[in-house]
>>> print(open('input.cif').read())   # mmCIF, C-alpha atoms
data_query
#
loop_
_atom_site.group_PDB
_atom_site.id
_atom_site.type_symbol
_atom_site.label_atom_id
_atom_site.label_comp_id
_atom_site.auth_asym_id
_atom_site.auth_seq_id
_atom_site.Cartn_x
_atom_site.Cartn_y
_atom_site.Cartn_z
ATOM 1 C CA MET O 485 13.398 -199.823 -188.171
ATOM 2 C CA SER O 486 13.321 -196.237 -187.079
ATOM 3 C CA ARG O 487 13.517 -197.436 -183.484
ATOM 4 C CA VAL O 488 16.718 -199.274 -184.326
ATOM 5 C CA ALA O 489 18.129 -196.199 -186.042
ATOM 6 C CA ARG O 490 17.253 -194.071 -183.030
ATOM 7 C CA ALA O 491 18.910 -196.563 -180.699
ATOM 8 C CA LEU O 492 22.036 -196.535 -182.843
ATOM 9 C CA PHE O 493 22.071 -192.747 -182.815
ATOM 10 C CA VAL O 494 21.815 -192.672 -179.015
ATOM 11 C CA LEU O 495 24.591 -195.232 -178.798
ATOM 12 C CA LEU O 496 26.795 -193.125 -181.052
ATOM 13 C CA LEU O 497 26.129 -190.037 -178.948
ATOM 14 C CA ALA O 498 27.036 -191.925 -175.801
ATOM 15 C CA ALA O 499 30.226 -193.283 -177.337
ATOM 16 C CA ALA O 500 31.410 -189.947 -178.735
ATOM 17 C CA PRO O 501 33.150 -188.628 -175.586
ATOM 18 C CA ALA O 502 34.975 -191.911 -175.109
ATOM 19 C CA ALA O 503 36.028 -191.929 -178.753
ATOM 20 C CA ALA O 504 37.266 -188.360 -178.466
ATOM 21 C CA GLN O 505 39.254 -189.317 -175.389
ATOM 22 C CA TRP O 506 40.880 -192.190 -177.253
ATOM 23 C CA GLY O 507 41.695 -190.128 -180.317
ATOM 24 C CA GLY O 508 44.740 -187.855 -180.499
ATOM 25 C CA ARG O 509 44.591 -184.273 -179.357
ATOM 26 C CA GLY O 510 45.265 -181.331 -181.588
ATOM 27 C CA TRP O 511 48.313 -179.124 -181.143
ATOM 28 C CA GLN O 512 46.220 -176.253 -179.794
ATOM 29 C CA GLN O 513 44.718 -178.512 -177.150
ATOM 30 C CA LEU O 514 48.108 -179.005 -175.546
ATOM 31 C CA SER O 515 49.137 -176.842 -172.615
ATOM 32 C CA PRO O 516 52.193 -174.603 -173.182
ATOM 33 C CA GLU O 517 54.249 -176.970 -171.056
ATOM 34 C CA GLU O 518 53.115 -179.962 -173.122
ATOM 35 C CA GLN O 519 53.870 -178.057 -176.335
ATOM 36 C CA ARG O 520 57.370 -177.322 -175.081
ATOM 37 C CA ARG O 521 57.948 -180.965 -174.171
ATOM 38 C CA ALA O 522 56.504 -182.140 -177.467
ATOM 39 C CA TRP O 523 58.779 -179.759 -179.360
ATOM 40 C CA GLN O 524 61.875 -180.914 -177.506
ATOM 41 C CA ASN O 525 60.955 -184.556 -177.939
ATOM 42 C CA TYR O 526 60.222 -183.947 -181.610
ATOM 43 C CA GLN O 527 63.733 -182.620 -182.103
ATOM 44 C CA ARG O 528 65.188 -185.664 -180.398
ATOM 45 C CA TYR O 529 62.950 -187.935 -182.429
ATOM 46 C CA GLN O 530 64.241 -186.417 -185.653
ATOM 47 C CA GLN O 531 67.741 -187.446 -184.673
ATOM 48 C CA LEU O 532 66.843 -191.099 -184.192
ATOM 49 C CA PRO O 533 67.518 -193.730 -186.830
ATOM 50 C CA GLN O 534 64.507 -194.653 -188.918
ATOM 51 C CA GLN O 535 64.250 -198.087 -187.347
ATOM 52 C CA ARG O 536 63.928 -196.554 -183.894
ATOM 53 C CA GLN O 537 61.387 -194.009 -185.116
ATOM 54 C CA GLN O 538 59.332 -196.847 -186.563
ATOM 55 C CA LEU O 539 59.526 -198.705 -183.278
ATOM 56 C CA TYR O 540 58.170 -195.696 -181.393
ATOM 57 C CA GLU O 541 55.414 -195.187 -183.937
ATOM 58 C CA ASN O 542 54.346 -198.800 -183.517
ATOM 59 C CA ARG O 543 54.385 -198.405 -179.768
ATOM 60 C CA PHE O 544 52.339 -195.248 -180.082
ATOM 61 C CA GLN O 545 49.709 -197.144 -182.045
ATOM 62 C CA ARG O 546 49.589 -199.719 -179.275
ATOM 63 C CA PHE O 547 49.500 -196.991 -176.649
ATOM 64 C CA GLN O 548 46.574 -195.288 -178.351
ATOM 65 C CA ASN O 549 44.669 -198.547 -178.442
ATOM 66 C CA LEU O 550 45.003 -198.966 -174.693
ATOM 67 C CA PRO O 551 42.043 -197.951 -172.542
ATOM 68 C CA PRO O 552 42.427 -194.463 -170.996
ATOM 69 C CA GLN O 553 42.917 -195.939 -167.531
ATOM 70 C CA GLU O 554 45.807 -198.033 -168.774
ATOM 71 C CA GLN O 555 47.353 -195.033 -170.515
ATOM 72 C CA GLN O 556 47.048 -193.120 -167.272
ATOM 73 C CA ARG O 557 48.671 -195.981 -165.364
ATOM 74 C CA LEU O 558 51.648 -195.951 -167.731
ATOM 75 C CA ARG O 559 52.029 -192.179 -167.325
ATOM 76 C CA GLN O 560 51.902 -192.530 -163.557
ATOM 77 C CA ASN O 561 54.472 -195.316 -163.652
ATOM 78 C CA TYR O 562 56.662 -193.126 -165.789
ATOM 79 C CA GLU O 563 56.419 -190.328 -163.228
ATOM 80 C CA ALA O 564 57.410 -192.779 -160.511
ATOM 81 C CA TYR O 565 60.254 -194.051 -162.677
ATOM 82 C CA ARG O 566 61.662 -190.650 -163.506
ATOM 83 C CA ASN O 567 61.389 -189.433 -159.910
ATOM 84 C CA GLN O 568 63.731 -192.151 -158.731
ATOM 85 C CA ASP O 569 67.202 -191.015 -157.817
ATOM 86 C CA PRO O 570 69.967 -192.296 -160.118
ATOM 87 C CA ALA O 571 70.917 -195.189 -157.825
ATOM 88 C CA ALA O 572 67.315 -196.375 -157.470
ATOM 89 C CA ARG O 573 66.786 -196.070 -161.204
ATOM 90 C CA GLN O 574 69.898 -198.095 -161.883
ATOM 91 C CA GLN O 575 68.639 -200.750 -159.498
ATOM 92 C CA PHE O 576 65.256 -200.740 -161.199
ATOM 93 C CA ASN O 577 66.928 -201.221 -164.563
ATOM 94 C CA GLU O 578 68.908 -204.107 -163.127
ATOM 95 C CA ARG O 579 65.654 -205.656 -161.882
ATOM 96 C CA TYR O 580 64.166 -205.103 -165.322
ATOM 97 C CA ARG O 581 67.081 -206.948 -166.899
ATOM 98 C CA ARG O 582 66.619 -209.828 -164.486
ATOM 99 C CA TRP O 583 62.888 -209.830 -165.009
ATOM 100 C CA LYS O 584 63.414 -210.030 -168.746
ATOM 101 C CA GLN O 585 65.940 -212.804 -168.441
ATOM 102 C CA GLY O 586 63.376 -214.741 -166.467
ATOM 103 C CA GLY O 587 61.511 -215.291 -169.748
ATOM 104 C CA GLN O 588 58.693 -212.843 -169.141
ATOM 105 C CA PRO O 589 56.402 -212.205 -172.078
ATOM 106 C CA ARG O 590 57.354 -209.121 -174.087
ATOM 107 C CA MET G 1462 75.323 -174.574 -158.956
ATOM 108 C CA ARG G 1463 77.308 -177.457 -157.553
ATOM 109 C CA CYS G 1464 78.732 -180.128 -159.800
ATOM 110 C CA HIS G 1465 76.827 -182.763 -157.835
ATOM 111 C CA THR G 1466 73.506 -181.131 -158.761
ATOM 112 C CA ALA G 1467 74.616 -180.502 -162.322
ATOM 113 C CA ARG G 1468 75.431 -184.153 -162.830
ATOM 114 C CA ARG G 1469 72.030 -185.214 -161.586
ATOM 115 C CA TRP G 1470 70.432 -182.761 -163.961
ATOM 116 C CA ILE G 1471 72.510 -183.852 -166.941
ATOM 117 C CA THR G 1472 70.758 -187.197 -167.225
ATOM 118 C CA ALA G 1473 67.363 -185.603 -166.643
ATOM 119 C CA ASP G 1474 68.124 -183.077 -169.363
ATOM 120 C CA LEU G 1475 69.077 -185.793 -171.827
ATOM 121 C CA ALA G 1476 65.794 -187.535 -171.101
ATOM 122 C CA GLY G 1477 63.951 -184.289 -171.805
ATOM 123 C CA GLU G 1478 62.698 -184.013 -168.271
ATOM 124 C CA LEU G 1479 64.318 -180.789 -167.124
ATOM 125 C CA SER G 1480 62.392 -177.534 -166.939
ATOM 126 C CA PRO G 1481 63.573 -174.682 -169.215
ATOM 127 C CA GLY G 1482 64.884 -172.695 -166.221
ATOM 128 C CA ARG G 1483 66.998 -175.615 -165.072
ATOM 129 C CA VAL G 1484 68.191 -176.302 -168.605
ATOM 130 C CA ARG G 1485 69.417 -172.697 -168.738
ATOM 131 C CA ARG G 1486 71.159 -172.948 -165.363
ATOM 132 C CA LEU G 1487 72.698 -176.274 -166.311
ATOM 133 C CA THR G 1488 73.929 -174.906 -169.634
ATOM 134 C CA GLU G 1489 75.543 -171.956 -167.869
ATOM 135 C CA HIS G 1490 77.263 -174.253 -165.404
ATOM 136 C CA VAL G 1491 78.434 -176.688 -168.056
ATOM 137 C CA GLU G 1492 79.898 -173.875 -170.125
ATOM 138 C CA ARG G 1493 82.064 -172.910 -167.168
ATOM 139 C CA CYS G 1494 82.856 -176.354 -165.756
ATOM 140 C CA GLU G 1495 85.056 -178.609 -167.825
ATOM 141 C CA GLY G 1496 84.393 -181.709 -165.706
ATOM 142 C CA CYS G 1497 80.644 -181.444 -166.115
ATOM 143 C CA ARG G 1498 81.078 -180.647 -169.787
ATOM 144 C CA ARG G 1499 82.994 -183.892 -170.235
ATOM 145 C CA GLU G 1500 80.356 -185.710 -168.225
ATOM 146 C CA ARG G 1501 77.548 -184.378 -170.392
ATOM 147 C CA THR G 1502 79.401 -185.197 -173.593
ATOM 148 C CA ALA G 1503 79.976 -188.739 -172.367
ATOM 149 C CA TYR G 1504 76.354 -189.186 -171.324
ATOM 150 C CA ALA G 1505 75.102 -187.755 -174.606
ATOM 151 C CA ALA G 1506 77.341 -190.126 -176.552
ATOM 152 C CA LEU G 1507 76.118 -193.069 -174.497
ATOM 153 C CA ASP G 1508 72.538 -191.957 -174.971
ATOM 154 C CA ARG G 1509 72.982 -191.789 -178.731
ATOM 155 C CA LEU G 1510 74.681 -195.156 -178.765
ATOM 156 C CA LEU G 1511 71.851 -196.758 -176.835
ATOM 157 C CA GLU G 1512 69.286 -195.118 -179.061
ATOM 158 C CA ALA G 1513 71.082 -196.391 -182.125
ATOM 159 C CA LEU G 1514 71.049 -199.975 -180.917
ATOM 160 C CA PRO G 1515 68.574 -202.107 -182.791
ATOM 161 C CA PRO G 1516 65.908 -203.774 -180.622
ATOM 162 C CA GLU G 1517 67.712 -207.048 -181.156
ATOM 163 C CA ALA G 1518 71.266 -207.122 -182.417
ATOM 164 C CA PRO G 1519 71.459 -209.422 -185.420
ATOM 165 C CA LEU G 1520 74.081 -212.143 -185.126
ATOM 166 C CA SER G 1521 74.960 -214.174 -188.167
ATOM 167 C CA ALA G 1522 74.458 -217.915 -187.858
ATOM 168 C CA ARG G 1523 77.953 -218.478 -189.205
ATOM 169 C CA LEU G 1524 79.573 -216.341 -186.531
ATOM 170 C CA GLU G 1525 77.578 -218.037 -183.800
ATOM 171 C CA GLN G 1526 78.388 -221.541 -185.051
ATOM 172 C CA ASP G 1527 82.034 -220.682 -185.512
ATOM 173 C CA THR G 1528 82.345 -219.333 -181.992
ATOM 174 C CA LEU G 1529 80.568 -222.339 -180.490
ATOM 175 C CA ARG G 1530 82.720 -224.728 -182.510
ATOM 176 C CA ARG G 1531 85.885 -223.050 -181.252
ATOM 177 C CA VAL G 1532 84.715 -223.253 -177.664
ATOM 178 C CA ARG G 1533 83.806 -226.934 -178.065
ATOM 179 C CA LEU G 1534 87.172 -227.710 -179.666
ATOM 180 C CA ALA G 1535 88.980 -225.887 -176.906
ATOM 181 C CA ALA G 1536 86.985 -227.725 -174.249
ATOM 182 C CA ASP G 1537 87.768 -231.107 -175.861
ATOM 183 C CA ASP G 1538 91.393 -230.219 -176.162
ATOM 184 C CA VAL G 1539 92.220 -229.256 -172.583
ATOM 185 C CA PRO G 1540 90.727 -231.643 -170.040
ATOM 186 C CA GLU G 1541 94.119 -232.765 -168.767
ATOM 187 C CA ARG G 1542 95.602 -229.368 -168.374
ATOM 188 C CA ALA G 1543 95.161 -227.599 -165.102
ATOM 189 C CA GLY G 1544 95.558 -224.252 -163.423
ATOM 190 C CA PHE G 1545 96.718 -221.280 -165.403
ATOM 191 C CA TRP G 1546 97.299 -223.193 -168.638
ATOM 192 C CA ARG G 1547 93.817 -224.647 -168.549
ATOM 193 C CA TRP G 1548 92.374 -221.219 -167.945
ATOM 194 C CA LEU G 1549 94.468 -219.832 -170.768
ATOM 195 C CA GLY G 1550 93.367 -222.597 -173.104
ATOM 196 C CA MET G 1551 89.707 -221.928 -172.375
ATOM 197 C CA GLY G 1552 90.046 -218.205 -172.152
ATOM 198 C CA ALA G 1553 91.782 -217.528 -175.443
ATOM 199 C CA PRO G 1554 88.967 -218.791 -177.710
ATOM 200 C CA ALA G 1555 86.413 -217.105 -175.496
ATOM 201 C CA LEU G 1556 88.345 -213.851 -175.743
ATOM 202 C CA ALA G 1557 88.620 -214.303 -179.480
ATOM 203 C CA GLY G 1558 84.881 -214.907 -179.650
ATOM 204 C CA ALA G 1559 84.211 -211.816 -177.554
ATOM 205 C CA ALA G 1560 86.462 -209.753 -179.806
ATOM 206 C CA VAL G 1561 84.630 -210.978 -182.897
ATOM 207 C CA LEU G 1562 81.285 -210.172 -181.253
ATOM 208 C CA LEU G 1563 82.525 -206.723 -180.330
ATOM 209 C CA LEU G 1564 83.573 -206.102 -183.906
ATOM 210 C CA ALA G 1565 80.190 -207.312 -185.116
ATOM 211 C CA VAL G 1566 78.382 -204.960 -182.717
ATOM 212 C CA ARG G 1567 80.604 -202.081 -183.799
ATOM 213 C CA ALA G 1568 79.741 -202.858 -187.381
ATOM 214 C CA VAL G 1569 76.038 -202.651 -186.521
ATOM 215 C CA VAL G 1570 76.191 -199.574 -184.278
ATOM 216 C CA PRO G 1571 77.616 -196.368 -185.735
ATOM 217 C CA PRO G 1572 80.426 -195.209 -183.456
ATOM 218 C CA GLU G 1573 79.481 -191.552 -183.152
ATOM 219 C CA GLU G 1574 77.052 -189.391 -185.004
ATOM 220 C CA PRO G 1575 75.564 -191.173 -188.018
ATOM 221 C CA ALA G 1576 76.617 -189.262 -191.102
ATOM 222 C CA SER G 1577 73.316 -187.613 -192.055
ATOM 223 C CA PRO G 1578 71.122 -190.676 -192.608
ATOM 224 C CA PRO G 1579 68.970 -190.395 -195.702
ATOM 225 C CA THR G 1580 65.761 -190.843 -193.749
ATOM 226 C CA ARG G 1581 66.467 -187.922 -191.489
ATOM 227 C CA SER G 1582 67.351 -185.520 -194.249
ATOM 228 C CA LYS G 1583 64.379 -186.753 -196.225
ATOM 229 C CA GLN G 1584 62.088 -186.136 -193.301
ATOM 230 C CA LEU G 1585 63.535 -182.747 -192.561
ATOM 231 C CA ALA G 1586 63.318 -181.797 -196.196
ATOM 232 C CA ALA G 1587 59.736 -183.000 -196.260
ATOM 233 C CA SER G 1588 58.882 -180.912 -193.239
ATOM 234 C CA GLY G 1589 60.609 -177.938 -194.845
ATOM 235 C CA ARG G 1590 62.678 -177.052 -191.787
ATOM 236 C CA SER G 1591 65.926 -175.178 -192.062
ATOM 237 C CA ARG G 1592 67.359 -177.434 -189.359
ATOM 238 C CA ALA G 1593 68.298 -179.913 -192.073
ATOM 239 C CA THR G 1594 71.909 -178.904 -191.826
ATOM 240 C CA ALA G 1595 74.866 -181.155 -191.202
ATOM 241 C CA PRO G 1596 74.643 -183.048 -187.902
ATOM 242 C CA ALA G 1597 76.166 -181.132 -185.039
ATOM 243 C CA PRO G 1598 77.421 -182.370 -181.680
ATOM 244 C CA ALA G 1599 74.714 -183.124 -179.140
ATOM 245 C CA THR G 1600 75.540 -180.097 -177.020
ATOM 246 C CA ALA G 1601 75.268 -177.730 -179.934
ATOM 247 C CA ARG G 1602 72.010 -179.308 -181.032
ATOM 248 C CA ARG G 1603 70.663 -179.024 -177.530
ATOM 249 C CA ARG G 1604 71.415 -175.317 -177.474
ATOM 250 C CA ALA G 1605 69.408 -174.976 -180.647
ATOM 251 C CA THR G 1606 66.482 -176.486 -178.744
ATOM 252 C CA GLY G 1607 64.875 -173.209 -177.856
ATOM 253 C CA SER G 1608 61.312 -172.227 -177.277
ATOM 254 C CA VAL G 1609 58.497 -173.657 -179.339
ATOM 255 C CA PRO G 1610 58.452 -172.066 -182.803
ATOM 256 C CA SER G 1611 55.425 -170.041 -183.752
ATOM 257 C CA GLU G 1612 54.913 -172.392 -186.667
ATOM 258 C CA PRO G 1613 55.685 -175.907 -185.447
ATOM 259 C CA PRO G 1614 56.525 -178.540 -188.071
ATOM 260 C CA PRO G 1615 53.512 -180.237 -189.692
ATOM 261 C CA GLU G 1616 54.617 -183.632 -188.392
ATOM 262 C CA LEU G 1617 54.496 -182.326 -184.847
ATOM 263 C CA VAL G 1618 51.155 -180.597 -185.304
ATOM 264 C CA ALA G 1619 49.666 -183.666 -186.947
ATOM 265 C CA ASN G 1620 50.470 -185.966 -184.053
ATOM 266 C CA PRO G 1621 51.509 -184.028 -180.956
ATOM 267 C CA ASP G 1622 50.611 -186.816 -178.539
ATOM 268 C CA LEU G 1623 53.263 -189.037 -180.068
ATOM 269 C CA PHE G 1624 55.906 -186.530 -179.070
ATOM 270 C CA VAL G 1625 54.405 -185.614 -175.700
ATOM 271 C CA ASN G 1626 54.428 -189.286 -174.774
ATOM 272 C CA LEU G 1627 57.784 -190.144 -176.287
ATOM 273 C CA PRO G 1628 59.487 -190.854 -172.923
ATOM 274 C CA VAL G 1629 56.610 -193.172 -172.024
ATOM 275 C CA LEU G 1630 56.910 -194.938 -175.370
ATOM 276 C CA ARG G 1631 60.639 -195.246 -174.919
ATOM 277 C CA ASN G 1632 60.146 -197.097 -171.630
ATOM 278 C CA MET G 1633 56.843 -198.730 -172.484
ATOM 279 C CA GLU G 1634 57.684 -202.288 -171.529
ATOM 280 C CA LYS G 1635 59.153 -201.247 -168.200
ATOM 281 C CA LEU G 1636 56.105 -199.155 -167.441
ATOM 282 C CA GLN G 1637 53.625 -201.846 -168.406
ATOM 283 C CA HIS G 1638 55.251 -204.311 -166.034
ATOM 284 C CA TYR G 1639 56.416 -201.757 -163.494
ATOM 285 C CA GLU G 1640 54.957 -203.486 -160.458
ATOM 286 C CA ALA G 1641 56.235 -206.933 -161.451
ATOM 287 C CA ILE G 1642 59.699 -205.534 -162.079
ATOM 288 C CA GLN G 1643 59.713 -203.744 -158.734
ATOM 289 C CA THR G 1644 59.047 -207.044 -156.993
ATOM 290 C CA THR G 1645 61.768 -208.911 -158.893
ATOM 291 C CA THR G 1646 64.523 -209.817 -156.505
ATOM 292 C CA LEU G 1647 68.082 -209.302 -157.509
ATOM 293 C CA ASP G 1648 69.585 -212.234 -155.638
ATOM 294 C CA GLU G 1649 67.532 -215.348 -156.243
ATOM 295 C CA GLN G 1650 67.926 -215.432 -160.027
ATOM 296 C CA HIS G 1651 71.607 -214.707 -159.864
ATOM 297 C CA ASP G 1652 72.779 -218.266 -159.294
ATOM 298 C CA GLY G 1653 71.048 -220.218 -162.024
ATOM 299 C CA PRO G 1654 71.402 -219.772 -165.752
ATOM 300 C CA SER G 1655 68.971 -217.422 -167.405
ATOM 301 C CA ASN G 1656 66.067 -218.667 -169.461
ATOM 302 C CA GLY G 1657 66.453 -216.004 -172.096
#
>>> encode(input="input.cif", output="structure tokens")
Amino acid sequence: MSRVARALFVLLLAAAPAAAQWGGRGWQQLSPEEQRRAWQNYQRYQQLPQQRQQLYENRFQRFQNLPPQEQQRLRQNYEAYRNQDPAARQQFNERYRRWKQGGQPR
Amino acid sequence: MRCHTARRWITADLAGELSPGRVRRLTEHVERCEGCRRERTAYAALDRLLEALPPEAPLSARLEQDTLRRVRLAADDVPERAGFWRWLGMGAPALAGAAVLLLAVRAVVPPEEPASPPTRSKQLAASGRSRATAPAPATARRRATGSVPSEPPPELVANPDLFVNLPVLRNMEKLQHYEAIQTTTLDEQHDGPSNG
């Protein structure tokens, strides 16, 4: 029995860093630049209708449940998306519309 | 700063992607330049309108059936007519339907600034911030967006990652399927009717 308990303890120790990575960070763990962005986004968020806020909260739950690699992929895709010039972004959004019309899963 | 640059930065600023230095330079330019000021106001209004749109606009079954019935009646009524009159016969009900839809969308989407929604004031009151004043125009609100306060609101402190990642969350579906979307061609699906 004690061997099982010890094995569980070792397993917990091994899983702790991964769990910490998946959990949310504290405010003080954010860089000044991230704090500034979070503050600005918070102000925008406060101006959204409740329905939209709820939508983002649900998405955040889903986002948090994604593996770290997938979260990183989404952030990288966002960087690529925002670095597009306005014409390219407009074209991407047009492609997105078409892609959605094609009956892709949500 | 040139207007061309300013106008590129306006959209980036609205998406919260502009550095503080650029925000300052943009604000200075916009205060002097009426054209860019108009542009920013228009973009901000559009941004708010898009944000206010529900994920799926509700359409009443009655309105849908009524519109379809009118189109069917019009189609049955005009097979013999040709040219302009045929077009007019088909077009009028369609235009009427479009007008009704437009009115329905306007009823769903608030035209400008929503008049202090209860949720917002409730949340602001709960967080104890003095910003819970009457809603101001987007430009004025943006100017109030200064540096991070020494005591950030509890909501922000409790879940900072939500707000750091807000732009990602806003575009989540696009980002999840980014590669597939990039490879979607714009021409081939244009001819046939959509599946959605």
>>> interface_residues(input="input.cif", of="chain O", to="chain G", cutoff="9 Å", atoms="only C-alpha atoms", output="PyMOL selection string")
chain O and resi 508-512+514+516+518-536+539-541+543-544+547+554+557-562+565-566+569-570+575-588+590
>>> atom_distance(input="input.cif", atom1="CA of Arg1485 (chain G)", atom2="CA of Ala1467 (chain G)")
11.4 Å
>>> atom_distance(input="input.cif", atom1="CA of Tyr1504 (chain G)", atom2="CA of Arg1468 (chain G)")
9.9 Å
>>> atom_distance(input="input.cif", atom1="CA of Arg1499 (chain G)", atom2="CA of Cys1464 (chain G)")
11.9 Å
